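Engineer: File target12.txt below, compact mmCIF, C-alpha atoms:
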```txt
# COMPACT_ATOMS: atom_id res chain seq x y z
CA ASP A 1 -13.05 7.21 -1.29
CA GLY A 2 -9.65 6.02 -2.45
CA GLY A 3 -8.06 3.11 -0.65
CA ILE A 4 -6.64 -0.38 -0.64
CA THR A 5 -8.90 -3.43 -0.52
CA GLN A 6 -7.61 -6.81 0.57
CA SER A 7 -9.69 -9.96 0.29
CA PRO A 8 -10.59 -12.26 1.80
CA LYS A 9 -10.27 -11.12 5.41
CA TYR A 10 -9.77 -14.72 6.57
CA LEU A 11 -8.36 -17.60 4.50
CA PHE A 12 -7.67 -21.23 5.30
CA ARG A 13 -5.19 -23.39 3.45
CA LYS A 14 -4.99 -27.15 3.26
CA GLU A 15 -1.67 -28.97 3.09
CA GLY A 16 -0.19 -28.91 -0.42
CA GLN A 17 -2.55 -26.21 -1.63
CA ASN A 18 -1.71 -22.86 -3.24
CA VAL A 19 -3.84 -19.90 -2.20
CA THR A 20 -4.05 -16.39 -3.64
CA LEU A 21 -4.58 -13.21 -1.65
CA SER A 22 -6.09 -10.26 -3.46
CA CYS A 23 -4.98 -6.64 -3.21
CA GLU A 24 -6.63 -3.84 -5.20
CA GLN A 25 -5.98 -0.10 -4.93
CA ASN A 26 -7.70 2.91 -6.49
CA LEU A 27 -5.16 5.47 -5.31
CA ASN A 28 -3.42 5.56 -8.70
CA HIS A 29 -0.18 4.47 -7.00
CA ASP A 30 2.58 2.93 -9.06
CA ALA A 31 4.29 1.05 -6.22
CA MET A 32 2.74 -1.82 -4.31
CA TYR A 33 4.08 -4.04 -1.50
CA TRP A 34 3.30 -7.25 0.36
CA TYR A 35 4.31 -7.70 4.00
CA ARG A 36 3.99 -10.59 6.38
CA GLN A 37 3.30 -9.92 10.06
CA ASP A 38 4.03 -12.44 12.82
CA PRO A 39 3.52 -11.71 16.52
CA GLY A 40 6.42 -9.80 18.04
CA GLN A 41 8.32 -9.60 14.75
CA GLY A 42 6.97 -6.51 13.07
CA LEU A 43 6.45 -6.52 9.32
CA ARG A 44 8.70 -8.27 6.85
CA LEU A 45 8.72 -7.49 3.13
CA ILE A 46 7.79 -10.37 0.81
CA TYR A 47 7.64 -8.77 -2.66
CA TYR A 48 7.28 -5.29 -4.07
CA SER A 49 6.52 -3.75 -7.43
CA GLN A 50 7.49 -0.26 -8.55
CA ILE A 51 5.64 -0.40 -11.85
CA VAL A 52 3.31 -2.61 -13.89
CA ASN A 53 4.88 -5.84 -15.22
CA ASP A 54 7.86 -5.54 -12.87
CA PHE A 55 8.45 -6.78 -9.32
CA GLN A 56 11.31 -7.59 -6.97
CA LYS A 57 11.86 -10.03 -4.15
CA GLY A 58 11.85 -8.70 -0.63
CA ASP A 59 13.47 -10.23 2.43
CA ILE A 60 11.32 -13.38 2.69
CA ALA A 61 10.17 -14.20 -0.89
CA GLU A 62 10.71 -17.98 -0.73
CA GLY A 63 7.44 -19.88 -1.07
CA TYR A 64 5.54 -16.88 -2.45
CA SER A 65 4.84 -15.54 -5.95
CA VAL A 66 3.25 -12.37 -7.30
CA SER A 67 2.11 -10.80 -10.55
CA ARG A 68 1.54 -7.19 -11.58
CA GLU A 69 -0.47 -7.19 -14.79
CA LYS A 70 -2.51 -4.11 -13.87
CA LYS A 71 -1.61 -0.96 -11.96
CA GLU A 72 -4.51 -1.46 -9.57
CA SER A 73 -3.85 -5.09 -8.66
CA PHE A 74 -1.00 -6.99 -6.98
CA PRO A 75 -2.11 -10.52 -6.00
CA LEU A 76 0.06 -12.69 -3.77
CA THR A 77 0.11 -16.49 -4.11
CA VAL A 78 1.22 -18.51 -1.10
CA THR A 79 2.49 -21.75 -2.57
CA SER A 80 2.76 -25.20 -1.01
CA ALA A 81 6.51 -24.57 -0.76
CA GLN A 82 5.84 -22.08 2.05
CA LYS A 83 5.96 -24.41 5.03
CA ASN A 84 4.85 -21.94 7.67
CA PRO A 85 2.26 -19.73 6.00
CA THR A 86 0.14 -18.93 9.07
CA ALA A 87 0.41 -15.14 9.46
CA PHE A 88 -1.30 -11.82 8.87
CA TYR A 89 -0.59 -10.49 5.37
CA LEU A 90 -0.66 -6.78 4.62
CA CYS A 91 -0.65 -5.05 1.26
CA ALA A 92 0.49 -1.45 0.83
CA SER A 93 0.89 1.07 -1.96
CA SER A 94 2.68 4.35 -2.53
CA THR A 95 4.00 6.67 -5.18
CA PRO A 96 7.42 5.51 -6.49
CA PRO A 97 10.63 6.81 -4.84
CA THR A 98 11.36 9.00 -7.87
CA GLU A 99 8.32 11.18 -7.17
CA PRO A 100 7.64 13.66 -4.35
CA HIS A 101 7.25 11.73 -1.17
CA GLN A 102 4.04 10.13 -0.06
CA PRO A 103 3.96 7.49 2.66
CA GLN A 104 2.77 3.93 2.20
CA HIS A 105 -0.92 3.28 2.71
CA PHE A 106 -2.08 -0.11 3.98
CA GLY A 107 -5.04 -2.38 3.46
CA ASP A 108 -6.86 -4.09 6.35
CA GLY A 109 -5.00 -7.37 5.93
CA THR A 110 -5.75 -11.04 5.31
CA ARG A 111 -5.28 -13.62 8.06
CA LEU A 112 -4.14 -16.96 6.65
CA SER A 113 -4.35 -20.14 8.69
CA ILE A 114 -3.56 -23.79 8.06
CA LEU A 115 -6.34 -26.37 8.27
CA GLY B 116 22.73 -3.27 8.03
CA GLU B 117 19.21 -2.05 8.44
CA ASP B 118 17.52 -2.59 11.79
CA VAL B 119 14.84 -0.85 13.82
CA GLU B 120 14.36 -1.53 17.52
CA GLN B 121 11.44 -0.74 19.81
CA SER B 122 10.48 -1.83 23.30
CA LEU B 123 7.57 -4.27 23.16
CA PHE B 124 5.20 -2.93 25.82
CA LEU B 125 4.18 0.34 27.46
CA SER B 126 1.44 0.87 30.01
CA VAL B 127 0.11 4.29 31.04
CA ARG B 128 -2.88 5.77 32.86
CA GLU B 129 -5.56 7.67 30.98
CA GLY B 130 -4.70 11.38 30.82
CA ASP B 131 -0.95 10.82 31.18
CA SER B 132 1.53 11.33 28.36
CA SER B 133 2.93 8.29 26.54
CA VAL B 134 6.39 8.22 25.03
CA ILE B 135 7.28 5.44 22.61
CA ASN B 136 10.91 5.14 21.63
CA CYS B 137 12.64 3.74 18.58
CA THR B 138 16.24 3.37 17.43
CA TYR B 139 17.35 2.77 13.88
CA THR B 140 20.67 2.00 12.24
CA ASP B 141 20.59 3.33 8.67
CA SER B 142 21.93 6.88 8.78
CA SER B 143 20.93 7.40 5.14
CA SER B 144 17.24 7.04 5.94
CA THR B 145 15.31 9.92 4.42
CA TYR B 146 11.99 9.54 6.21
CA LEU B 147 10.88 7.99 9.50
CA TYR B 148 7.32 7.02 10.26
CA TRP B 149 4.92 6.14 13.03
CA TYR B 150 2.05 3.79 12.26
CA LYS B 151 -0.78 2.63 14.55
CA GLN B 152 -2.36 -0.82 14.35
CA GLU B 153 -5.58 -1.71 16.14
CA PRO B 154 -6.47 -5.40 16.69
CA GLY B 155 -7.17 -7.27 13.45
CA ALA B 156 -6.66 -4.19 11.29
CA GLY B 157 -4.09 -2.80 8.92
CA LEU B 158 -1.60 -0.04 9.67
CA GLN B 159 -2.78 3.53 9.90
CA LEU B 160 -0.22 6.25 9.24
CA LEU B 161 -0.03 8.59 12.22
CA THR B 162 2.79 10.91 11.22
CA TYR B 163 6.19 11.03 9.58
CA ILE B 164 9.27 13.21 9.76
CA PHE B 165 11.88 14.09 7.20
CA SER B 166 15.43 13.35 8.30
CA ASN B 167 16.50 17.02 8.28
CA MET B 168 13.91 17.93 10.92
CA ASP B 169 14.27 17.69 14.70
CA MET B 170 10.65 17.86 15.72
CA LYS B 171 7.17 17.67 14.29
CA GLN B 172 3.95 18.35 16.15
CA ASP B 173 0.46 17.38 15.07
CA GLN B 174 -2.32 17.93 17.63
CA ARG B 175 -1.64 15.46 20.49
CA LEU B 176 1.33 13.88 18.71
CA THR B 177 4.91 15.10 18.96
CA VAL B 178 7.74 13.39 17.09
CA LEU B 179 11.34 14.02 18.15
CA LEU B 180 14.29 12.97 15.99
CA ASN B 181 17.86 12.79 17.24
CA LYS B 182 19.77 12.01 14.08
CA LYS B 183 23.14 11.84 15.82
CA ASP B 184 21.93 9.05 18.12
CA LYS B 185 19.54 7.58 15.48
CA HIS B 186 16.72 7.86 18.00
CA LEU B 187 13.08 8.61 17.23
CA SER B 188 10.28 9.10 19.74
CA LEU B 189 6.53 9.56 19.61
CA ARG B 190 4.84 11.44 22.43
CA ILE B 191 1.07 11.19 22.80
CA ALA B 192 -0.33 13.88 25.09
CA ASP B 193 -3.43 13.25 27.22
CA THR B 194 -3.49 9.56 26.32
CA GLN B 195 -6.98 8.07 25.94
CA THR B 196 -8.22 4.47 26.08
CA GLY B 197 -8.78 4.72 22.32
CA ASP B 198 -5.03 5.12 21.90
CA SER B 199 -4.51 1.52 23.03
CA ALA B 200 -2.92 -0.21 20.03
CA ILE B 201 0.40 -1.37 18.62
CA TYR B 202 2.66 1.43 17.38
CA PHE B 203 5.24 0.77 14.70
CA CYS B 204 8.27 2.84 13.93
CA ALA B 205 9.63 2.51 10.37
CA GLU B 206 12.52 3.94 8.42
CA ARG B 207 12.83 4.47 4.69
CA PRO B 208 16.41 3.90 3.56
CA ASN B 209 17.73 6.11 0.81
CA GLN B 210 17.60 3.36 -1.82
CA GLY B 211 14.17 2.38 -3.06
CA GLY B 212 10.78 2.89 -1.47
CA LYS B 213 10.60 -0.06 0.90
CA LEU B 214 10.22 0.47 4.64
CA ILE B 215 12.04 -1.24 7.50
CA PHE B 216 9.75 -1.77 10.50
CA GLY B 217 10.42 -2.20 14.18
CA GLN B 218 8.72 -5.00 16.13
CA GLY B 219 5.98 -2.69 17.38
CA THR B 220 5.22 -1.32 20.87
CA GLU B 221 1.95 -2.40 22.43
CA LEU B 222 0.47 0.57 24.29
CA SER B 223 -2.02 -0.23 27.03
CA VAL B 224 -4.01 2.67 28.50
CA LYS B 225 -5.66 2.02 31.85
CA PRO B 226 -8.65 4.07 33.00
```
Before anything else, please render the file you have as structure tokens.
Structural biologist:
Amino acid sequence: DGGITQSPKYLFRKEGQNVTLSCEQNLNHDAMYWYRQDPGQGLRLIYYSQIVNDFQKGDIAEGYSVSREKKESFPLTVTSAQKNPTAFYLCASSTPPTEPHQPQHFGDGTRLSIL
Amino acid sequence: GEDVEQSLFLSVREGDSSVINCTYTDSSSTYLYWYKQEPGAGLQLLTYIFSNMDMKQDQRLTVLLNKKDKHLSLRIADTQTGDSAIYFCAERPNQGGKLIFGQGTELSVKP
């Protein structure tokens, strides 16, 4: 079955450490997205990518970095510059806006906590 | 600017109808969505409506869109305990494919 796989499900970060969250999709979608979810605040967009080797900052990109070397993969690195990284991180994918509409599909999320 | 507002909590009895409301601000939004999130899980798409429609029905779900008032609602008929979850409304502005989410409404269904 096609879908989006996020790993790991739980991740712990030490002070000063960078950590990378994995997101892989086999839906053949061009566009991929990273969201951060905090209690009572809904989802906020961190970074998105409409096509391989291209990505744009979302609303809260500071302290995060991404790469898009393959269509199937869009890893998110939470750097030590992100001072409040504890949150639930969700990855999504969709067809690009230029194509007939399909909604965004989401992975099951990664919960990141500080040690 | 872009903003989506939802009430945070709703409690209903099993078998009753639930109505979750949402207001949005971007009149250029092309699509509006309802997602469901169960504890510790990702978001599951429930339904969506194109901005030129007033209503969409899918089994127990009915979506109503009042474009003039920028108001969207999700009605769940015969609500079951398995419907207990957080429901997110989202809009897709005309530019780009990103979504703007509301804060989510936590639906609690009591037996």
Engineer: Within 10 Å of chain B, which residues of chain A are there when counting all atoms listed in the file? Please give them as a PyMOL selection string.
Structural biologist: chain A and resi 6+9+31-33+37-45+47-50+58+88-92+94-98+101-111
Engineer: Mind giving me the axis-aligned box for segment 66-85 of chain A with 5 Å on every side, centre plus edges in Å to one decimal, as lines of an AutoDock Vina configuration file?
Structural biologist:
```
center_x = 1.0
center_y = -13.1
center_z = -3.6
size_x = 21.0
size_y = 34.2
size_z = 32.5
```
Engineer: When you look at segment 176-187 of chain B with a cut-off of 7 Å (counting all atoms listed in the file), what residues show up, excluding the ones that are within fewer than 2 positions of it in the same chain? I need them as a PyMOL selection string.
Structural biologist: chain B and resi 136-140+169-174+189-192
Engineer: Between atom CA of Asp141 of chain B and atom CA of Ser93 of chain A, what is the distance in Å, rounded to a tenth?
Structural biologist: 22.5 Å
Engineer: Mind giving me the straight-line distance from atom CA of Arg68 of chain A to atom CA of Thr5 of chain A in Å, one decimal?
Structural biologist: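 Atom CA of Thr5 of chain A lies 15.7 Å from atom CA of Arg68 of chain A.
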Engineer: Go through A:Lys14, A:Leu112, A:Phe55, A:Thr20 and flag the residue nearest Lys71 of chain A, using all atoms listed in the file for the distances.
Structural biologist: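 Of A:Lys14, A:Leu112, A:Phe55, A:Thr20, the one nearest Lys71 of chain A is A:Phe55, counting all atoms listed in the file.
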Engineer: Please determine, counting only C-alpha atoms, which residue among A:Asn84, A:Ser7, A:Ser73, A:Ser65 has the shortest atom-to-atom distance to Asn28 of chain A.
Structural biologist: A:Ser73
Engineer: So how many Å separate atom CA of Thr77 of chain A and atom CA of Asn18 of chain A, to one decimal?
Structural biologist: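 Answer for the atom CA of Thr77 of chain A to atom CA of Asn18 of chain A separation: 6.7 Å.
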Engineer: Between B:Leu161, B:Leu125, B:Ile135, B:Val224, which has the minimum distance to Asp193 of chain B (counting only C-alpha atoms)?
Structural biologist: B:Val224
Engineer: Between A:Phe74, A:Ile4, A:Arg36, A:Arg13, which one has atoms that come closest to Asp54 of chain A, using all atoms listed in the file?
Structural biologist: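 For Asp54 of chain A, the nearest of the candidates is A:Phe74.
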Engineer: Which is closest to Gly3 of chain A among A:Asp30, A:Glu69, A:Glu24, A:Glu62, if we use all atoms listed in the file?
Structural biologist: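 Smallest separation from Gly3 of chain A among the options: A:Glu24.
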